[in-house]
Amino acid sequence: MKLFTPLTAVFALLLLLPACAQEAAEEAASEMEMAGESMAMGSMAQEPDCFVRGDLEGRLSSLESASTSFGDVMVKVCYGAPLRRDPNNPEVTREIMGALVPYDAPWRMGANEATAIYLSAGASVGGVALDAGAYSIYATPTMGDWTVHINSVNERWGIPIGPDVTANDVGSFTVTPGMVDEAVDELRYTFVEAEGGADLVMEWEQTSISIPIRSG
């Protein structure tokens, strides 16, 4: 019969210490990694507020937004949503493209403040490479393809779009408008999942355009 002496206990403790220390270190590293992932997810989940100038009360076009995320990119769009119906006479349906929104002239792609896009990480919008940050977009509609412009200033009223605005453009691209089956009364933006990112789709009246947004 072997006796478990105090000296034996000391030797056993010395043998266990390195293993315990290694286990504790691995556990601490695992907890730090999980905390880092949690913080990253938290920052991704936090969306920026839409810029508002003045009071929202009494506006004829409501302030709306849409957002999505893919990879490490969170994208949010903020826009004023005008109606196809005449706000002063809801029984009257207005002609939009080529009339209320004239061809061959810059359009803010919404109402009130400039239509804004927020990126949490670098991404390409319409093929234009952008760093993380906030931008505004506007379009020049035509009877054929449209040109969409990306501007570095997002906190501004949407009109007028003159030289002082266009001087801050950082890129542009063309899109081919499509048609929707049923006329859309209130302008809307939605995100559609796509390979490598998402497509930002704008629909109003019977017109739609799709803007590809990709990570990287």
# chains A, B, ... in the order shown; residues from 1 in each chain; ligands from 1
>>> closest_atom_pairs(of="stretch 104-203 of chain A", to="stretch 207-212 of chain A", cutoff="10 Å", atoms="only C-alpha atoms", output="JSON lines")
{"residue": "A:Ser124", "atom": "CA", "partner": "A:Pro212", "partner_atom": "CA", "distance": 8.0}
{"residue": "A:Val125", "atom": "CA", "partner": "A:Pro212", "partner_atom": "CA", "distance": 6.0}
{"residue": "A:Gly126", "atom": "CA", "partner": "A:Pro212", "partner_atom": "CA", "distance": 5.2}
{"residue": "A:Gly127", "atom": "CA", "partner": "A:Pro212", "partner_atom": "CA", "distance": 7.5}
{"residue": "A:Val128", "atom": "CA", "partner": "A:Pro212", "partner_atom": "CA", "distance": 9.9}
{"residue": "A:Asp145", "atom": "CA", "partner": "A:Ile209", "partner_atom": "CA", "distance": 9.8}
{"residue": "A:Trp146", "atom": "CA", "partner": "A:Ile209", "partner_atom": "CA", "distance": 8.8}
{"residue": "A:Val148", "atom": "CA", "partner": "A:Ile211", "partner_atom": "CA", "distance": 8.9}
{"residue": "A:Phe173", "atom": "CA", "partner": "A:Ile211", "partner_atom": "CA", "distance": 9.3}
{"residue": "A:Thr174", "atom": "CA", "partner": "A:Ile211", "partner_atom": "CA", "distance": 9.2}
{"residue": "A:Val175", "atom": "CA", "partner": "A:Ile209", "partner_atom": "CA", "distance": 6.7}
{"residue": "A:Thr176", "atom": "CA", "partner": "A:Ile209", "partner_atom": "CA", "distance": 6.7}
{"residue": "A:Pro177", "atom": "CA", "partner": "A:Ile209", "partner_atom": "CA", "distance": 4.8}
{"residue": "A:Gly178", "atom": "CA", "partner": "A:Ser208", "partner_atom": "CA", "distance": 5.0}
{"residue": "A:Met179", "atom": "CA", "partner": "A:Thr207", "partner_atom": "CA", "distance": 4.8}
{"residue": "A:Val180", "atom": "CA", "partner": "A:Thr207", "partner_atom": "CA", "distance": 6.1}
{"residue": "A:Asp181", "atom": "CA", "partner": "A:Thr207", "partner_atom": "CA", "distance": 9.4}
{"residue": "A:Glu182", "atom": "CA", "partner": "A:Thr207", "partner_atom": "CA", "distance": 9.8}
{"residue": "A:Ala183", "atom": "CA", "partner": "A:Thr207", "partner_atom": "CA", "distance": 8.2}
{"residue": "A:Val184", "atom": "CA", "partner": "A:Thr207", "partner_atom": "CA", "distance": 8.4}
{"residue": "A:Leu187", "atom": "CA", "partner": "A:Ser208", "partner_atom": "CA", "distance": 9.9}
{"residue": "A:Arg188", "atom": "CA", "partner": "A:Ser208", "partner_atom": "CA", "distance": 9.7}
{"residue": "A:Tyr189", "atom": "CA", "partner": "A:Ser208", "partner_atom": "CA", "distance": 9.6}
{"residue": "A:Thr190", "atom": "CA", "partner": "A:Ser210", "partner_atom": "CA", "distance": 9.6}
{"residue": "A:Phe191", "atom": "CA", "partner": "A:Ser210", "partner_atom": "CA", "distance": 9.2}
{"residue": "A:Val192", "atom": "CA", "partner": "A:Ser210", "partner_atom": "CA", "distance": 9.2}
{"residue": "A:Glu193", "atom": "CA", "partner": "A:Pro212", "partner_atom": "CA", "distance": 9.9}
{"residue": "A:Ala194", "atom": "CA", "partner": "A:Pro212", "partner_atom": "CA", "distance": 8.3}
{"residue": "A:Glu195", "atom": "CA", "partner": "A:Pro212", "partner_atom": "CA", "distance": 9.9}
{"residue": "A:Gly196", "atom": "CA", "partner": "A:Pro212", "partner_atom": "CA", "distance": 9.7}
{"residue": "A:Gly197", "atom": "CA", "partner": "A:Pro212", "partner_atom": "CA", "distance": 7.7}
{"residue": "A:Ala198", "atom": "CA", "partner": "A:Pro212", "partner_atom": "CA", "distance": 6.2}
{"residue": "A:Asp199", "atom": "CA", "partner": "A:Pro212", "partner_atom": "CA", "distance": 4.4}
{"residue": "A:Leu200", "atom": "CA", "partner": "A:Ile211", "partner_atom": "CA", "distance": 4.9}
{"residue": "A:Val201", "atom": "CA", "partner": "A:Ser210", "partner_atom": "CA", "distance": 4.5}
{"residue": "A:Met202", "atom": "CA", "partner": "A:Ile209", "partner_atom": "CA", "distance": 5.4}
{"residue": "A:Glu203", "atom": "CA", "partner": "A:Ser208", "partner_atom": "CA", "distance": 4.3}
>>> write_last_selection(atoms="N, CA and C atoms", output="short mmCIF file (atom, residue, chain, number, x, y, z; two decimals), in the first residue's frame")
data_model
loop_
_atom_site.label_atom_id
_atom_site.label_comp_id
_atom_site.auth_asym_id
_atom_site.auth_seq_id
_atom_site.Cartn_x
_atom_site.Cartn_y
_atom_site.Cartn_z
N SER A 124 -18.30 48.46 -53.74
CA SER A 124 -18.51 49.11 -55.03
C SER A 124 -20.00 49.32 -55.23
N VAL A 125 -20.37 50.50 -55.68
CA VAL A 125 -21.75 50.85 -55.98
C VAL A 125 -21.84 51.16 -57.46
N GLY A 126 -22.54 50.32 -58.19
CA GLY A 126 -22.60 50.51 -59.63
C GLY A 126 -21.25 50.39 -60.30
N GLY A 127 -20.33 49.68 -59.66
CA GLY A 127 -18.99 49.52 -60.20
C GLY A 127 -18.02 50.60 -59.75
N VAL A 128 -18.50 51.59 -58.99
CA VAL A 128 -17.64 52.64 -58.47
C VAL A 128 -17.13 52.23 -57.09
N ASP A 145 -31.09 54.82 -71.28
CA ASP A 145 -30.36 54.54 -70.05
C ASP A 145 -30.27 55.79 -69.17
N TRP A 146 -30.17 55.55 -67.86
CA TRP A 146 -29.99 56.64 -66.90
C TRP A 146 -28.53 56.69 -66.45
N VAL A 148 -26.44 57.46 -63.07
CA VAL A 148 -26.55 57.64 -61.62
C VAL A 148 -25.23 58.21 -61.13
N PHE A 173 -22.31 55.99 -63.08
CA PHE A 173 -22.49 54.76 -63.84
C PHE A 173 -23.86 54.81 -64.51
N THR A 174 -24.07 53.93 -65.47
CA THR A 174 -25.34 53.91 -66.18
C THR A 174 -26.15 52.68 -65.78
N VAL A 175 -27.47 52.84 -65.80
CA VAL A 175 -28.39 51.73 -65.55
C VAL A 175 -29.48 51.76 -66.62
N THR A 176 -30.01 50.60 -66.90
CA THR A 176 -31.10 50.49 -67.87
C THR A 176 -32.40 50.30 -67.11
N PRO A 177 -33.34 51.23 -67.21
CA PRO A 177 -34.60 51.10 -66.47
C PRO A 177 -35.40 49.89 -66.91
N GLY A 178 -36.13 49.33 -65.96
CA GLY A 178 -37.05 48.24 -66.24
C GLY A 178 -38.47 48.68 -65.95
N MET A 179 -39.40 47.76 -66.12
CA MET A 179 -40.81 48.04 -65.89
C MET A 179 -41.34 47.15 -64.77
N VAL A 180 -42.24 47.69 -63.97
CA VAL A 180 -42.91 46.88 -62.95
C VAL A 180 -44.30 46.53 -63.47
N ASP A 181 -44.83 45.38 -63.01
CA ASP A 181 -46.12 44.91 -63.51
C ASP A 181 -47.27 45.81 -63.05
N GLU A 182 -47.20 46.26 -61.81
CA GLU A 182 -48.27 47.07 -61.24
C GLU A 182 -47.69 48.41 -60.79
N ALA A 183 -48.34 49.49 -61.15
CA ALA A 183 -47.82 50.82 -60.84
C ALA A 183 -47.62 51.00 -59.34
N VAL A 184 -46.48 51.59 -58.98
CA VAL A 184 -46.13 51.83 -57.58
C VAL A 184 -46.49 53.27 -57.24
N LEU A 187 -42.89 56.03 -54.02
CA LEU A 187 -41.53 55.63 -54.37
C LEU A 187 -40.94 54.77 -53.27
N ARG A 188 -40.24 53.70 -53.66
CA ARG A 188 -39.67 52.81 -52.66
C ARG A 188 -38.33 52.26 -53.12
N TYR A 189 -37.48 52.00 -52.12
CA TYR A 189 -36.21 51.32 -52.33
C TYR A 189 -36.22 50.02 -51.55
N THR A 190 -35.74 48.96 -52.17
CA THR A 190 -35.61 47.67 -51.50
C THR A 190 -34.27 47.06 -51.91
N PHE A 191 -33.80 46.12 -51.09
CA PHE A 191 -32.58 45.39 -51.40
C PHE A 191 -32.93 43.97 -51.81
N VAL A 192 -32.27 43.50 -52.86
CA VAL A 192 -32.45 42.13 -53.34
C VAL A 192 -31.11 41.43 -53.25
N GLU A 193 -31.10 40.28 -52.62
CA GLU A 193 -29.84 39.53 -52.46
C GLU A 193 -29.27 39.16 -53.82
N ALA A 194 -27.95 39.30 -53.97
CA ALA A 194 -27.27 38.95 -55.21
C ALA A 194 -25.91 38.36 -54.87
N GLU A 195 -25.33 37.66 -55.81
CA GLU A 195 -24.02 37.03 -55.58
C GLU A 195 -22.97 38.10 -55.29
N GLY A 196 -22.32 37.97 -54.15
CA GLY A 196 -21.28 38.93 -53.79
C GLY A 196 -21.79 40.21 -53.18
N GLY A 197 -23.10 40.31 -52.94
CA GLY A 197 -23.63 41.54 -52.36
C GLY A 197 -25.13 41.63 -52.47
N ALA A 198 -25.61 42.77 -52.93
CA ALA A 198 -27.05 42.99 -53.05
C ALA A 198 -27.30 44.02 -54.14
N ASP A 199 -28.51 44.03 -54.67
CA ASP A 199 -28.94 45.04 -55.63
C ASP A 199 -29.91 45.98 -54.94
N LEU A 200 -29.66 47.27 -55.06
CA LEU A 200 -30.58 48.28 -54.53
C LEU A 200 -31.57 48.61 -55.64
N VAL A 201 -32.85 48.34 -55.39
CA VAL A 201 -33.88 48.51 -56.42
C VAL A 201 -34.77 49.68 -56.05
N MET A 202 -34.89 50.64 -56.98
CA MET A 202 -35.82 51.75 -56.83
C MET A 202 -37.01 51.53 -57.75
N GLU A 203 -38.23 51.72 -57.23
CA GLU A 203 -39.45 51.56 -58.03
C GLU A 203 -40.38 52.74 -57.78
#
>>> select_by_dssp(residues="stretch 78-143 of chain A", states="strand (DSSP E)", output="number ranges by chain")
A: 78-81, 85-86, 89-93, 115-119, 123-125, 128-130, 133-140
>>> write_last_selection(atoms="C-alpha atoms", output="compact mmCIF listing (two decimals), in the first residue's frame")
# COMPACT_ATOMS: atom_id res chain seq x y z
CA CYS A 78 -32.34 56.97 -46.64
CA TYR A 79 -34.81 58.73 -48.91
CA GLY A 80 -37.93 60.85 -49.08
CA ALA A 81 -40.83 58.85 -50.55
CA ARG A 85 -51.07 60.63 -56.31
CA ASP A 86 -51.33 64.39 -55.99
CA ASN A 89 -55.92 65.96 -54.56
CA PRO A 90 -55.56 62.19 -53.96
CA GLU A 91 -58.02 61.41 -56.75
CA VAL A 92 -55.56 62.78 -59.30
CA THR A 93 -52.79 60.46 -60.50
CA THR A 115 -31.04 60.33 -51.15
CA ALA A 116 -28.19 58.95 -49.03
CA ILE A 117 -26.27 55.69 -48.91
CA TYR A 118 -24.25 54.59 -45.87
CA LEU A 119 -21.53 51.92 -46.11
CA ALA A 123 -17.77 48.41 -51.38
CA SER A 124 -18.51 49.11 -55.03
CA VAL A 125 -21.75 50.85 -55.98
CA VAL A 128 -17.64 52.64 -58.47
CA ALA A 129 -15.24 51.70 -55.65
CA LEU A 130 -16.08 53.54 -52.42
CA GLY A 133 -18.73 56.30 -45.24
CA ALA A 134 -21.80 58.26 -46.25
CA TYR A 135 -22.67 59.39 -49.77
CA SER A 136 -25.61 60.80 -51.69
CA ILE A 137 -26.90 59.71 -55.07
CA TYR A 138 -28.88 61.40 -57.81
CA ALA A 139 -29.76 60.44 -61.36
CA THR A 140 -30.11 61.95 -64.80
>>> residues_around(residues="stretch 156-170 of chain A", least_positions_apart="4", cutoff="8 Å", atoms="only C-alpha atoms", output="MDAnalysis selection string")
chainID A and resid 53 106:108 111:115 149:152
>>> write_last_selection(atoms="C-alpha atoms", output="mmCIF file, in the first residue's frame")
data_model
loop_
_atom_site.group_PDB
_atom_site.id
_atom_site.type_symbol
_atom_site.label_atom_id
_atom_site.label_comp_id
_atom_site.auth_asym_id
_atom_site.auth_seq_id
_atom_site.Cartn_x
_atom_site.Cartn_y
_atom_site.Cartn_z
ATOM 1 C CA ARG A 53 -32.962 69.011 -42.017
ATOM 2 C CA PRO A 106 -30.663 65.781 -62.614
ATOM 3 C CA TRP A 107 -33.145 64.258 -60.175
ATOM 4 C CA ARG A 108 -32.576 63.576 -56.475
ATOM 5 C CA ALA A 111 -37.897 63.942 -52.110
ATOM 6 C CA ASN A 112 -36.720 66.450 -49.506
ATOM 7 C CA GLU A 113 -33.139 65.656 -48.374
ATOM 8 C CA ALA A 114 -30.689 64.094 -50.801
ATOM 9 C CA THR A 115 -31.043 60.331 -51.148
ATOM 10 C CA HIS A 149 -24.121 59.969 -59.853
ATOM 11 C CA ILE A 150 -22.433 59.335 -56.494
ATOM 12 C CA ASN A 151 -21.659 62.405 -54.414
ATOM 13 C CA SER A 152 -19.411 62.704 -51.360
#
>>> closest_residue(among="A:Val75, A:Pro82, A:Glu205, A:Thr147", to="A:Pro48", atoms="only C-alpha atoms")
A:Val75
>>> closest_residue(among="A:Gly216, A:Arg84, A:Glu155, A:Tyr103", to="A:Val52", atoms="only C-alpha atoms")
A:Glu155
>>> select_by_dssp(residues="stretch 146-187 of chain A", states="helix (DSSP H, G or I)", output="VMD selection string")
chain A and resid 163 to 166
>>> atom_distance(atom1="atom CA of A:Leu100", atom2="atom CA of A:Asp55")
24.5 Å
>>> closest_residue(among="A:Leu60, A:Ala105, A:Met97, A:Ile213", to="A:Leu83", atoms="only C-alpha atoms")
A:Leu60
